[in-house]
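Have a look at coords.cif; it's mmCIF, C-alpha atoms:
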```cif
data_protein
loop_
_atom_site.label_atom_id
_atom_site.label_comp_id
_atom_site.auth_asym_id
_atom_site.auth_seq_id
_atom_site.Cartn_x
_atom_site.Cartn_y
_atom_site.Cartn_z
CA MET A 1 20.60 -12.17 -16.89
CA ARG A 2 21.11 -8.99 -18.87
CA VAL A 3 19.08 -5.87 -18.06
CA ASN A 4 18.68 -2.94 -20.47
CA VAL A 5 17.47 0.20 -18.80
CA THR A 6 17.54 3.93 -19.37
CA VAL A 7 19.29 5.60 -16.43
CA ASN A 8 19.41 9.39 -16.18
CA GLY A 9 18.62 9.63 -19.87
CA GLU A 10 21.35 7.24 -20.94
CA GLN A 11 20.79 3.74 -22.33
CA ARG A 12 22.62 1.35 -19.99
CA GLN A 13 23.21 -2.39 -19.92
CA ALA A 14 23.97 -4.55 -16.91
CA ASP A 15 25.23 -8.11 -17.26
CA ASP A 16 25.28 -11.07 -14.89
CA VAL A 17 22.41 -9.59 -12.91
CA TRP A 18 21.09 -12.10 -10.38
CA GLU A 19 17.38 -12.67 -10.91
CA GLY A 20 16.54 -11.90 -7.28
CA GLU A 21 18.65 -8.75 -7.22
CA SER A 22 17.18 -5.33 -6.45
CA LEU A 23 17.31 -2.31 -8.73
CA LEU A 24 19.27 -0.62 -5.94
CA PHE A 25 22.04 -3.24 -6.04
CA MET A 26 22.21 -3.04 -9.81
CA LEU A 27 22.47 0.78 -9.75
CA ARG A 28 25.15 0.86 -7.07
CA GLU A 29 27.23 -2.22 -7.80
CA ARG A 30 26.87 -2.72 -11.55
CA LEU A 31 26.16 0.70 -13.02
CA GLY A 32 28.47 2.76 -10.80
CA LEU A 33 25.78 4.98 -9.32
CA PRO A 34 26.25 4.97 -5.52
CA GLY A 35 24.12 8.07 -4.93
CA SER A 36 21.09 6.02 -3.94
CA LYS A 37 21.91 4.69 -0.50
CA ASN A 38 21.52 1.16 0.79
CA ALA A 39 20.32 1.09 4.38
CA CYS A 40 17.27 -0.87 5.47
CA GLU A 41 16.58 -2.96 2.34
CA GLN A 42 12.92 -3.14 3.32
CA GLY A 43 11.44 0.14 2.13
CA GLU A 44 11.40 1.68 5.61
CA CYS A 45 14.01 4.40 5.26
CA GLY A 46 13.60 5.87 1.77
CA SER A 47 17.36 6.39 1.35
CA CYS A 48 17.27 4.55 -2.00
CA THR A 49 14.41 6.60 -3.47
CA VAL A 50 14.66 6.94 -7.25
CA TYR A 51 12.21 7.73 -10.02
CA LEU A 52 11.02 4.68 -11.96
CA ASP A 53 9.13 5.90 -15.03
CA ASN A 54 8.77 9.27 -13.22
CA VAL A 55 7.28 7.73 -10.06
CA PRO A 56 9.34 7.80 -6.83
CA VAL A 57 9.95 4.30 -5.49
CA CYS A 58 12.29 2.52 -3.12
CA ALA A 59 14.90 1.02 -5.45
CA CYS A 60 15.51 -1.75 -2.90
CA LEU A 61 11.95 -3.04 -3.46
CA VAL A 62 12.11 -3.14 -7.26
CA ALA A 63 13.55 -6.29 -8.79
CA ALA A 64 16.31 -5.34 -11.22
CA GLY A 65 14.52 -7.31 -13.94
CA GLN A 66 11.41 -5.19 -13.48
CA ALA A 67 13.41 -2.17 -14.67
CA GLN A 68 14.04 -3.76 -18.09
CA ASP A 69 13.12 -1.24 -20.83
CA ARG A 70 12.03 1.27 -18.21
CA SER A 71 13.43 4.65 -17.30
CA VAL A 72 15.19 5.33 -14.00
CA ARG A 73 16.27 8.72 -12.69
CA THR A 74 18.55 8.71 -9.67
CA VAL A 75 19.80 11.56 -7.49
CA GLU A 76 22.82 11.74 -9.84
CA GLY A 77 20.42 12.70 -12.63
CA LEU A 78 18.87 15.74 -10.95
CA ALA A 79 21.64 18.30 -11.49
CA SER A 80 22.33 19.61 -14.98
CA GLY A 81 26.10 19.50 -15.39
CA ASP A 82 27.69 21.51 -12.59
CA GLU A 83 24.40 23.27 -11.89
CA LEU A 84 22.67 21.78 -8.86
CA ASP A 85 18.92 21.26 -8.96
CA PRO A 86 17.12 23.98 -6.92
CA VAL A 87 16.15 21.33 -4.34
CA GLN A 88 19.79 20.31 -3.90
CA GLU A 89 20.79 23.95 -3.69
CA ALA A 90 18.17 24.57 -1.00
CA PHE A 91 19.39 21.56 1.05
CA VAL A 92 22.93 23.03 0.99
CA GLU A 93 21.81 26.53 1.92
CA ALA A 94 19.40 25.48 4.65
CA GLY A 95 21.96 23.17 6.26
CA ALA A 96 19.60 20.26 5.75
CA VAL A 97 22.52 17.84 5.57
CA GLN A 98 24.15 16.34 8.64
CA CYS A 99 25.75 12.94 8.06
CA GLY A 100 24.30 13.05 4.56
CA PHE A 101 23.20 9.44 4.30
CA CYS A 102 19.47 10.11 4.01
CA THR A 103 19.98 13.18 1.81
CA PRO A 104 19.81 11.59 -1.66
CA GLY A 105 16.48 9.93 -0.89
CA LEU A 106 15.06 13.06 0.68
CA VAL A 107 16.19 15.18 -2.25
CA VAL A 108 14.43 12.88 -4.72
CA ALA A 109 11.27 12.74 -2.59
CA ALA A 110 11.24 16.54 -2.18
CA HIS A 111 11.93 17.00 -5.90
CA ASP A 112 8.88 14.88 -6.71
CA LEU A 113 6.70 16.75 -4.20
CA LEU A 114 7.55 20.14 -5.71
CA ASP A 115 6.88 18.82 -9.21
CA ARG A 116 3.39 17.78 -8.12
CA VAL A 117 2.64 20.51 -5.56
CA PRO A 118 4.59 23.73 -6.28
CA SER A 119 3.60 25.43 -2.99
CA PRO A 120 3.07 22.66 -0.46
CA SER A 121 1.71 23.24 3.03
CA ASP A 122 3.69 21.92 6.01
CA PRO A 123 1.41 18.90 6.42
CA GLU A 124 1.87 18.15 2.71
CA ILE A 125 5.65 18.32 3.07
CA ARG A 126 5.58 16.07 6.14
CA GLU A 127 3.35 13.56 4.39
CA ALA A 128 5.49 13.55 1.23
CA LEU A 129 8.65 12.91 3.27
CA ALA A 130 7.04 10.39 5.66
CA GLY A 131 8.84 7.51 3.95
CA ASN A 132 12.30 9.00 4.46
CA LEU A 133 14.11 8.63 7.76
CA CYS A 134 16.90 10.92 8.99
CA ARG A 135 18.58 9.32 12.00
CA CYS A 136 20.49 12.52 12.74
CA THR A 137 16.91 13.79 13.26
CA GLY A 138 17.60 16.94 11.28
CA TYR A 139 14.03 17.20 10.17
CA GLU A 140 13.48 20.89 10.92
CA LYS A 141 16.27 21.95 8.56
CA ILE A 142 14.98 19.52 5.97
CA LEU A 143 11.55 21.15 6.15
CA ASP A 144 13.28 24.54 5.86
CA ALA A 145 15.03 23.35 2.71
CA VAL A 146 11.82 22.20 1.07
CA ARG A 147 10.09 25.47 1.96
CA LEU A 148 13.08 27.40 0.56
CA ALA A 149 13.07 25.40 -2.69
CA ALA A 150 9.31 25.92 -3.02
CA SER A 151 9.62 29.69 -2.46
CA ARG A 152 12.04 29.97 -5.39
CA ARG A 153 9.85 28.23 -7.93
CA MET B 154 16.49 -18.48 -10.20
CA ASP B 155 14.49 -17.60 -13.31
CA PHE B 156 12.96 -14.23 -14.01
CA LEU B 157 9.75 -14.67 -15.99
CA ARG B 158 8.34 -11.64 -17.78
CA PRO B 159 4.94 -12.32 -19.36
CA GLU B 160 3.41 -9.55 -21.48
CA THR B 161 -0.17 -10.83 -21.33
CA LEU B 162 -2.37 -12.45 -18.72
CA ALA B 163 -2.76 -15.57 -20.89
CA GLU B 164 1.01 -15.91 -21.03
CA ALA B 165 1.27 -15.40 -17.27
CA LEU B 166 -1.29 -18.14 -16.59
CA GLU B 167 0.56 -20.55 -18.91
CA LEU B 168 3.78 -19.80 -17.05
CA LYS B 169 2.15 -20.23 -13.64
CA ALA B 170 0.67 -23.58 -14.75
CA SER B 171 4.06 -24.87 -15.88
CA ARG B 172 5.96 -23.24 -13.00
CA PRO B 173 3.67 -23.35 -9.94
CA ASP B 174 6.76 -22.64 -7.80
CA ALA B 175 7.19 -19.22 -9.41
CA VAL B 176 6.50 -16.37 -6.98
CA PRO B 177 4.40 -13.56 -8.48
CA ILE B 178 5.86 -10.10 -8.01
CA ALA B 179 4.14 -6.79 -8.73
CA GLY B 180 4.99 -3.83 -6.47
CA GLY B 181 7.64 -5.93 -4.75
CA THR B 182 7.03 -4.31 -1.38
CA ASP B 183 6.69 -7.71 0.33
CA VAL B 184 8.49 -10.09 -2.02
CA MET B 185 11.68 -8.03 -2.33
CA VAL B 186 11.99 -7.71 1.45
CA GLU B 187 11.98 -11.50 1.69
CA LEU B 188 14.60 -11.76 -1.07
CA ASN B 189 16.80 -8.99 0.33
CA TYR B 190 16.84 -10.67 3.74
CA ASP B 191 17.30 -14.14 2.26
CA HIS B 192 14.12 -15.36 3.93
CA ARG B 193 12.98 -16.78 0.64
CA ARG B 194 14.79 -18.08 -2.42
CA PRO B 195 12.09 -19.01 -4.94
CA ALA B 196 12.91 -21.02 -8.06
CA ALA B 197 11.48 -18.22 -10.17
CA LEU B 198 9.98 -14.75 -10.02
CA LEU B 199 6.93 -14.05 -12.17
CA ASP B 200 6.89 -10.32 -12.93
CA LEU B 201 3.31 -9.13 -13.37
CA THR B 202 4.07 -5.45 -13.97
CA ARG B 203 4.04 -5.72 -17.78
CA ILE B 204 0.47 -7.00 -18.03
CA PRO B 205 -1.71 -3.97 -18.87
CA GLU B 206 -5.07 -5.42 -17.82
CA LEU B 207 -3.89 -6.05 -14.25
CA SER B 208 -3.46 -2.32 -13.68
CA GLU B 209 -6.82 -1.23 -15.07
CA TRP B 210 -10.31 -1.02 -13.61
CA SER B 211 -13.78 -1.06 -15.08
CA ASP B 212 -17.19 0.06 -13.89
CA GLY B 213 -18.91 -2.07 -11.40
CA LEU B 214 -16.14 -2.11 -10.07
CA ARG B 215 -13.58 -4.64 -11.18
CA VAL B 216 -10.24 -3.38 -9.94
CA GLY B 217 -7.16 -5.03 -11.43
CA ALA B 218 -4.93 -6.72 -8.87
CA GLY B 219 -1.98 -4.60 -9.98
CA VAL B 220 -3.54 -1.16 -9.48
CA PRO B 221 -1.21 0.65 -7.05
CA TYR B 222 -2.59 2.15 -3.83
CA VAL B 223 -1.82 5.67 -5.02
CA ARG B 224 -4.27 5.33 -7.91
CA ILE B 225 -6.99 3.92 -5.64
CA ILE B 226 -6.52 6.94 -3.36
CA GLU B 227 -6.43 9.54 -6.12
CA GLU B 228 -8.86 8.10 -8.67
CA LEU B 229 -11.23 5.70 -6.91
CA GLY B 230 -11.76 7.46 -3.58
CA ALA B 231 -15.25 8.70 -4.45
CA GLN B 232 -16.51 5.24 -5.37
CA LEU B 233 -14.52 3.20 -2.87
CA PRO B 234 -14.01 5.49 0.15
CA GLY B 235 -13.24 2.67 2.58
CA LEU B 236 -10.60 1.12 0.36
CA ALA B 237 -9.08 4.54 -0.31
CA MET B 238 -8.92 5.27 3.45
CA ALA B 239 -7.16 1.98 4.14
CA SER B 240 -4.83 2.56 1.17
CA ARG B 241 -3.82 5.94 2.61
CA THR B 242 -2.52 4.20 5.74
CA VAL B 243 -0.23 1.85 3.80
CA GLY B 244 3.52 2.46 4.26
CA SER B 245 4.75 5.70 2.73
CA PRO B 246 4.33 7.52 -0.59
CA GLN B 247 7.05 5.34 -2.14
CA ILE B 248 5.30 2.17 -0.95
CA ARG B 249 1.86 3.35 -2.08
CA ASN B 250 3.30 4.14 -5.51
CA ARG B 251 4.22 0.47 -5.94
CA GLY B 252 2.13 -1.67 -3.57
CA THR B 253 -1.13 -3.23 -4.78
CA VAL B 254 -4.30 -4.74 -3.34
CA GLY B 255 -3.41 -7.91 -5.25
CA GLY B 256 -0.18 -8.05 -3.29
CA ASN B 257 -1.99 -7.48 -0.01
CA LEU B 258 -4.23 -10.45 -0.87
CA GLY B 259 -1.34 -12.59 -2.06
CA ALA B 260 0.63 -12.05 1.14
CA ALA B 261 -2.57 -12.55 3.19
CA SER B 262 -0.94 -11.17 6.32
CA PRO B 263 -3.49 -10.83 9.13
CA ALA B 264 -2.23 -7.24 9.42
CA GLY B 265 -2.76 -6.32 5.75
CA ASP B 266 -4.44 -2.91 5.66
CA THR B 267 -7.06 -3.51 2.97
CA HIS B 268 -8.46 -6.81 4.29
CA PRO B 269 -10.99 -5.42 6.81
CA VAL B 270 -12.40 -3.11 4.13
CA LEU B 271 -12.69 -5.93 1.60
CA LEU B 272 -14.53 -8.04 4.18
CA ALA B 273 -16.84 -5.26 5.36
CA SER B 274 -17.69 -4.28 1.77
CA ASP B 275 -18.49 -7.75 0.40
CA ALA B 276 -15.53 -7.82 -1.99
CA VAL B 277 -15.09 -10.80 -4.27
CA ILE B 278 -11.61 -11.88 -5.33
CA GLU B 279 -11.16 -13.03 -8.93
CA VAL B 280 -8.44 -15.64 -9.37
CA ALA B 281 -7.54 -17.28 -12.65
CA SER B 282 -5.57 -20.21 -14.04
CA VAL B 283 -5.45 -22.06 -17.35
CA ARG B 284 -8.29 -24.15 -15.85
CA GLY B 285 -10.57 -21.12 -15.68
CA THR B 286 -11.67 -18.31 -13.40
CA ARG B 287 -12.88 -18.54 -9.79
CA MET B 288 -14.76 -15.86 -7.89
CA ILE B 289 -13.94 -16.11 -4.17
CA PRO B 290 -15.87 -13.99 -1.65
CA ALA B 291 -13.44 -12.20 0.66
CA VAL B 292 -14.98 -14.02 3.62
CA ASP B 293 -13.77 -17.35 2.14
CA PHE B 294 -10.40 -16.05 0.96
CA TYR B 295 -8.33 -15.90 4.14
CA LEU B 296 -7.48 -19.37 5.43
CA GLY B 297 -4.79 -18.78 8.04
CA VAL B 298 -1.77 -16.70 8.92
CA LYS B 299 -0.36 -15.72 5.50
CA ARG B 300 -2.45 -18.44 3.85
CA ASN B 301 -5.14 -17.77 1.28
CA ALA B 302 -7.44 -19.75 -1.03
CA VAL B 303 -5.27 -19.28 -4.13
CA GLU B 304 -4.08 -22.57 -5.70
CA PRO B 305 -0.44 -22.94 -6.83
CA ASP B 306 -1.35 -22.57 -10.52
CA GLU B 307 -3.59 -19.56 -9.96
CA LEU B 308 -2.99 -15.81 -10.01
CA ILE B 309 -5.01 -13.09 -8.30
CA VAL B 310 -6.42 -11.09 -11.19
CA ALA B 311 -8.88 -8.56 -9.78
CA VAL B 312 -11.05 -7.47 -6.87
CA HIS B 313 -14.75 -6.93 -7.46
CA LEU B 314 -16.16 -4.26 -5.21
CA ALA B 315 -19.44 -2.39 -5.68
CA PRO B 316 -19.28 1.41 -5.42
CA ALA B 317 -20.14 2.39 -1.83
CA LYS B 318 -23.86 2.28 -1.11
CA GLY B 319 -23.45 4.24 2.11
CA PRO B 320 -20.85 5.64 4.48
CA GLN B 321 -17.63 3.65 4.95
CA GLN B 322 -14.90 4.13 7.53
CA PHE B 323 -11.54 2.60 8.34
CA SER B 324 -9.33 2.99 11.36
CA LYS B 325 -5.91 1.65 12.26
CA VAL B 326 -3.76 1.78 15.38
CA GLY B 327 0.00 2.24 15.09
CA THR B 328 2.90 4.13 16.61
CA ARG B 329 2.93 6.77 13.87
CA ASN B 330 0.95 7.63 10.75
CA ALA B 331 3.47 6.37 8.20
CA MET B 332 5.33 3.08 7.83
CA VAL B 333 3.28 1.25 10.38
CA ILE B 334 2.17 -2.36 10.44
CA ALA B 335 -1.26 -2.27 12.05
CA VAL B 336 -1.39 -3.09 15.75
CA CYS B 337 -5.04 -3.66 14.91
CA SER B 338 -7.49 -2.19 12.44
CA PHE B 339 -11.20 -1.96 11.80
CA ALA B 340 -13.52 -1.27 8.87
CA ILE B 341 -17.24 -0.53 8.75
CA SER B 342 -19.60 -0.21 5.76
CA LEU B 343 -23.22 0.89 6.04
CA PHE B 344 -25.78 -0.32 3.49
CA PRO B 345 -28.78 1.90 4.38
CA ALA B 346 -31.05 0.71 1.56
CA GLU B 347 -30.59 -2.89 2.71
CA ASN B 348 -30.70 -2.23 6.47
CA ARG B 349 -27.34 -3.90 6.66
CA VAL B 350 -23.89 -3.32 8.18
CA GLY B 351 -20.49 -4.75 7.33
CA ALA B 352 -17.80 -4.80 10.02
CA ALA B 353 -14.40 -6.49 10.09
CA VAL B 354 -11.24 -6.54 12.19
CA GLY B 355 -7.61 -6.75 11.07
CA SER B 356 -4.42 -7.77 12.88
CA ALA B 357 -6.48 -9.20 15.74
CA ALA B 358 -6.86 -12.88 14.82
CA PRO B 359 -5.00 -15.47 12.67
CA THR B 360 -6.87 -14.02 9.71
CA PRO B 361 -8.73 -10.80 9.05
CA ARG B 362 -12.31 -11.56 10.00
CA ARG B 363 -15.84 -10.22 9.99
CA ALA B 364 -17.54 -9.33 13.25
CA LEU B 365 -20.84 -11.04 12.44
CA GLU B 366 -22.61 -10.63 15.77
CA ALA B 367 -21.67 -6.96 15.84
CA GLU B 368 -23.03 -6.55 12.31
CA GLN B 369 -26.34 -8.17 13.24
CA PHE B 370 -26.73 -6.22 16.45
CA LEU B 371 -26.11 -2.93 14.70
CA ALA B 372 -28.41 -3.69 11.76
CA SER B 373 -31.26 -4.28 14.20
CA ALA B 374 -30.39 -1.31 16.44
CA LEU B 375 -30.08 1.31 13.70
CA ASP B 376 -33.04 3.03 12.10
CA PHE B 377 -31.85 3.62 8.56
CA ALA B 378 -35.27 4.85 7.40
CA SER B 379 -35.28 7.87 9.71
CA PRO B 380 -31.80 8.15 11.24
CA LYS B 381 -31.60 9.79 14.68
CA PRO B 382 -28.46 10.63 16.67
CA LEU B 383 -26.85 7.45 17.98
CA LEU B 384 -27.37 6.31 21.56
CA ASP B 385 -24.17 5.80 23.53
CA SER B 386 -25.48 2.41 24.61
CA VAL B 387 -25.62 1.30 20.95
CA LYS B 388 -22.08 2.45 20.29
CA ARG B 389 -20.84 0.74 23.44
CA GLU B 390 -22.53 -2.55 22.69
CA PHE B 391 -21.28 -2.48 19.09
CA GLY B 392 -17.72 -1.86 20.30
CA GLU B 393 -18.03 -4.68 22.79
CA LEU B 394 -19.24 -7.14 20.15
CA VAL B 395 -16.49 -6.13 17.71
CA SER B 396 -13.91 -6.65 20.43
CA ARG B 397 -15.39 -10.06 21.21
CA ALA B 398 -15.09 -11.12 17.55
CA ALA B 399 -11.31 -10.81 17.75
CA SER B 400 -8.90 -13.42 19.09
CA PRO B 401 -5.65 -11.47 19.19
CA ILE B 402 -2.26 -12.51 20.55
CA ASP B 403 0.45 -10.72 22.52
CA ASP B 404 3.30 -9.78 20.19
CA VAL B 405 5.93 -7.10 19.64
CA ARG B 406 3.39 -4.63 18.32
CA GLY B 407 0.89 -4.88 21.15
CA SER B 408 -0.77 -7.06 23.74
CA ALA B 409 -3.96 -9.01 23.16
CA ALA B 410 -5.71 -7.00 25.88
CA TYR B 411 -4.69 -3.71 24.27
CA ARG B 412 -5.89 -4.88 20.87
CA LYS B 413 -9.28 -5.87 22.31
CA HIS B 414 -9.61 -2.49 23.98
CA ALA B 415 -8.49 -0.55 20.89
CA LEU B 416 -10.90 -2.44 18.64
CA ALA B 417 -13.85 -1.42 20.82
CA VAL B 418 -12.69 2.20 20.70
CA MET B 419 -12.20 2.13 16.91
CA ALA B 420 -15.56 0.46 16.38
CA ARG B 421 -17.37 3.13 18.43
CA ARG B 422 -15.57 6.00 16.73
CA THR B 423 -15.89 4.79 13.15
CA LEU B 424 -19.57 4.03 13.73
CA GLY B 425 -19.98 7.58 15.03
CA TRP B 426 -18.27 9.04 11.93
CA ALA B 427 -20.21 6.85 9.50
CA TRP B 428 -23.53 7.58 11.19
CA GLN B 429 -22.82 11.31 11.26
CA GLU B 430 -22.15 11.18 7.51
CA LEU B 431 -25.55 9.56 7.06
CA LEU B 432 -27.24 12.20 9.23
CA ASP B 433 -25.48 15.01 7.35
CA GLY B 434 -26.59 13.44 4.08
CA GLU B 435 -30.20 13.38 5.29
CA LYS B 436 -29.95 17.01 6.28
CA ALA B 437 -28.49 17.97 2.90
CA CYS B 438 -31.38 16.21 1.14
CA ALA B 439 -34.06 17.81 3.30
#
```
Is it possible to express this structure as structure tokens?
Amino acid sequence: MRVNVTVNGEQRQADDVWEGESLLFMLRERLGLPGSKNACEQGECGSCTVYLDNVPVCACLVAAGQAQDRSVRTVEGLASGDELDPVQEAFVEAGAVQCGFCTPGLVVAAHDLLDRVPSPSDPEIREALAGNLCRCTGYEKILDAVRLAASRR
Amino acid sequence: MDFLRPETLAEALELKASRPDAVPIAGGTDVMVELNYDHRRPAALLDLTRIPELSEWSDGLRVGAGVPYVRIIEELGAQLPGLAMASRTVGSPQIRNRGTVGGNLGAASPAGDTHPVLLASDAVIEVASVRGTRMIPAVDFYLGVKRNAVEPDELIVAVHLAPAKGPQQFSKVGTRNAMVIAVCSFAISLFPAENRVGAAVGSAAPTPRRALEAEQFLASALDFASPKPLLDSVKREFGELVSRAASPIDDVRGSAAYRKHALAVMARRTLGWAWQELLDGEKACA
């Protein structure tokens, strides 16, 4: 089937989409956006977190067809041109990136948190990132990055 | 595979009548896992996310089957505290943004987080088909492991749940706070004006189930008219009866013996919290 969807502000079209396919597969394999990572495919790890109509979701748990006529914002859509989003900048500065695989999902989840709660407490940060796993276990630096990004708002 | 995208409930019911093999999908948090892992290859998916009335609620309450957990937590917590508490323990923020009570009911997993609350709070499930609407009390809804009372041509439309008439509590055991399938869970609802108690266990039997003997014991042991601090013996007996209502198995998440033990602990604690809320309420009124 054909899916029409707005991705990062741009009207996109994907053809030959399998009806049981996930939004994640469509983004990565058909629309050339590999930023969202494919790991667990069951919503456990959060590495594929994207905004769907401004709500963070696991792209692996959204059927591609459900995104028809909706708006998706991926990690690729956070920076403006060469200018990183403040959350991305903070992840770089705080050294919150080890292997980097979980980073896109964490950046999107943190971005959403700071949009909703500009000065989050530590428990609020932990809760907001509870659906994102980092198997390098670099959580302390990740918390540092979110605190840093919040302090600059 | 076909991807069916009804825009109205009437259209969805027509489609389900002509394609009873179509699998409904809303938040996708269960269905997509099965598809991603090739555990299921349905002939069609029936996308319910475009039907506005499924994601609305009205006074009373009638909560649309497609209302995501996050909205129950943020907007219905004052009226449905037990359901909001259980919703808070579901998955992660991303999962709660998508997952729905309708999906919990459709999957009918014995471990589903909202089931004990629905049972303890006398919820009624509204299902519909082109043949008409059926109202199924939660206690008649769960038929077996991942089996419910929904017919192949029917869709789960809404959950009817009265605003809390007294304190409600929910408790769940797992290895961490987030992303946990319940090892076992427990819900209690007090109905002080009716001298009544609702109590139900989750993930501790082939279906979620009410603890009827425990409910009856507690209703007779509690003095709702002039509440006094709870006796330990009442809490202990209640916990014991709740534990006895369960028939758990040993599995990867926990042993049957552990589940029995944990249920008694959760029952005692949640009763303590609920009763304290009642006592505090009395004090505030005095």
The PyMOL selection byres ((chain A and resi 88-102) around 6) resolved against shown file, as a ChimeraX atom specification: /A:47,84-87,103-105,134,141-142,145,149
Distance in Å - CA of Gly65 in chain A versus CA of Gly9 in chain A: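 The value is 18.4 Å.
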Residue list for chain A near chain B as number ranges by chain, 7 Å, only C-alpha atoms: A: 19-20, 41-42, 44, 56-58, 61-63, 66, 128, 130-131
Atom pair CA of Asn4 in chain A / CA of Arg70 in chain A: separation (Å):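 Spanning CA of Asn4 in chain A to CA of Arg70 in chain A is a straight-line distance of 8.2 Å.
CA of Pro361 in chain B is positioned 9.4 Å from CA of Leu296 in chain B.
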Result set, the PyMOL selection byres ((chain B and resi 166-176) around 8) on current file, as a PyMOL selection string: chain B and resi 157+159+162-165+177-178+195-199+281-283+305-308
Output of the PyMOL selection byres ((chain B and resi 291) around 7), listed as a PyMOL selection string: chain B and resi 271-272+275-278+289-290+292-294
Counting only C-alpha atoms, the option among A:Gln11, A:Ser80, A:Thr6, A:Thr137 closest to Asn54 in chain A: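 Nearest candidate to Asn54 in chain A out of A:Gln11, A:Ser80, A:Thr6, A:Thr137: A:Thr6.
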All residues 8 Å or closer to range 351-359 of chain B, all atoms listed in the file, same chain fewer than 6 positions away omitted, as a ChimeraX atom specification: /B:263-266,268-270,272-275,297-298,335-344,365,367-368,395,399-402,409,412-413,416
From A:Glu10, A:Asp122, A:Arg73, A:Asp15, residue lying nearest Ser36 in chain A [all atoms listed in the file]: A:Arg73
Point (-27.6, 0.7, 2.6), cut-off 9 Å, counting only C-alpha atoms, residues as number ranges by chain: B: 317-320, 342-350, 377
Please, could you write that set of residues out with C-alpha atoms as a compact mmCIF listing (two decimals), keeping the file's coordinate frame?
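Final output, again-v9.txt:
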```
# COMPACT_ATOMS: atom_id res chain seq x y z
CA ALA B 317 -20.14 2.39 -1.83
CA LYS B 318 -23.86 2.28 -1.11
CA GLY B 319 -23.45 4.24 2.11
CA PRO B 320 -20.85 5.64 4.48
CA SER B 342 -19.60 -0.21 5.76
CA LEU B 343 -23.22 0.89 6.04
CA PHE B 344 -25.78 -0.32 3.49
CA PRO B 345 -28.78 1.90 4.38
CA ALA B 346 -31.05 0.71 1.56
CA GLU B 347 -30.59 -2.89 2.71
CA ASN B 348 -30.70 -2.23 6.47
CA ARG B 349 -27.34 -3.90 6.66
CA VAL B 350 -23.89 -3.32 8.18
CA PHE B 377 -31.85 3.62 8.56
```
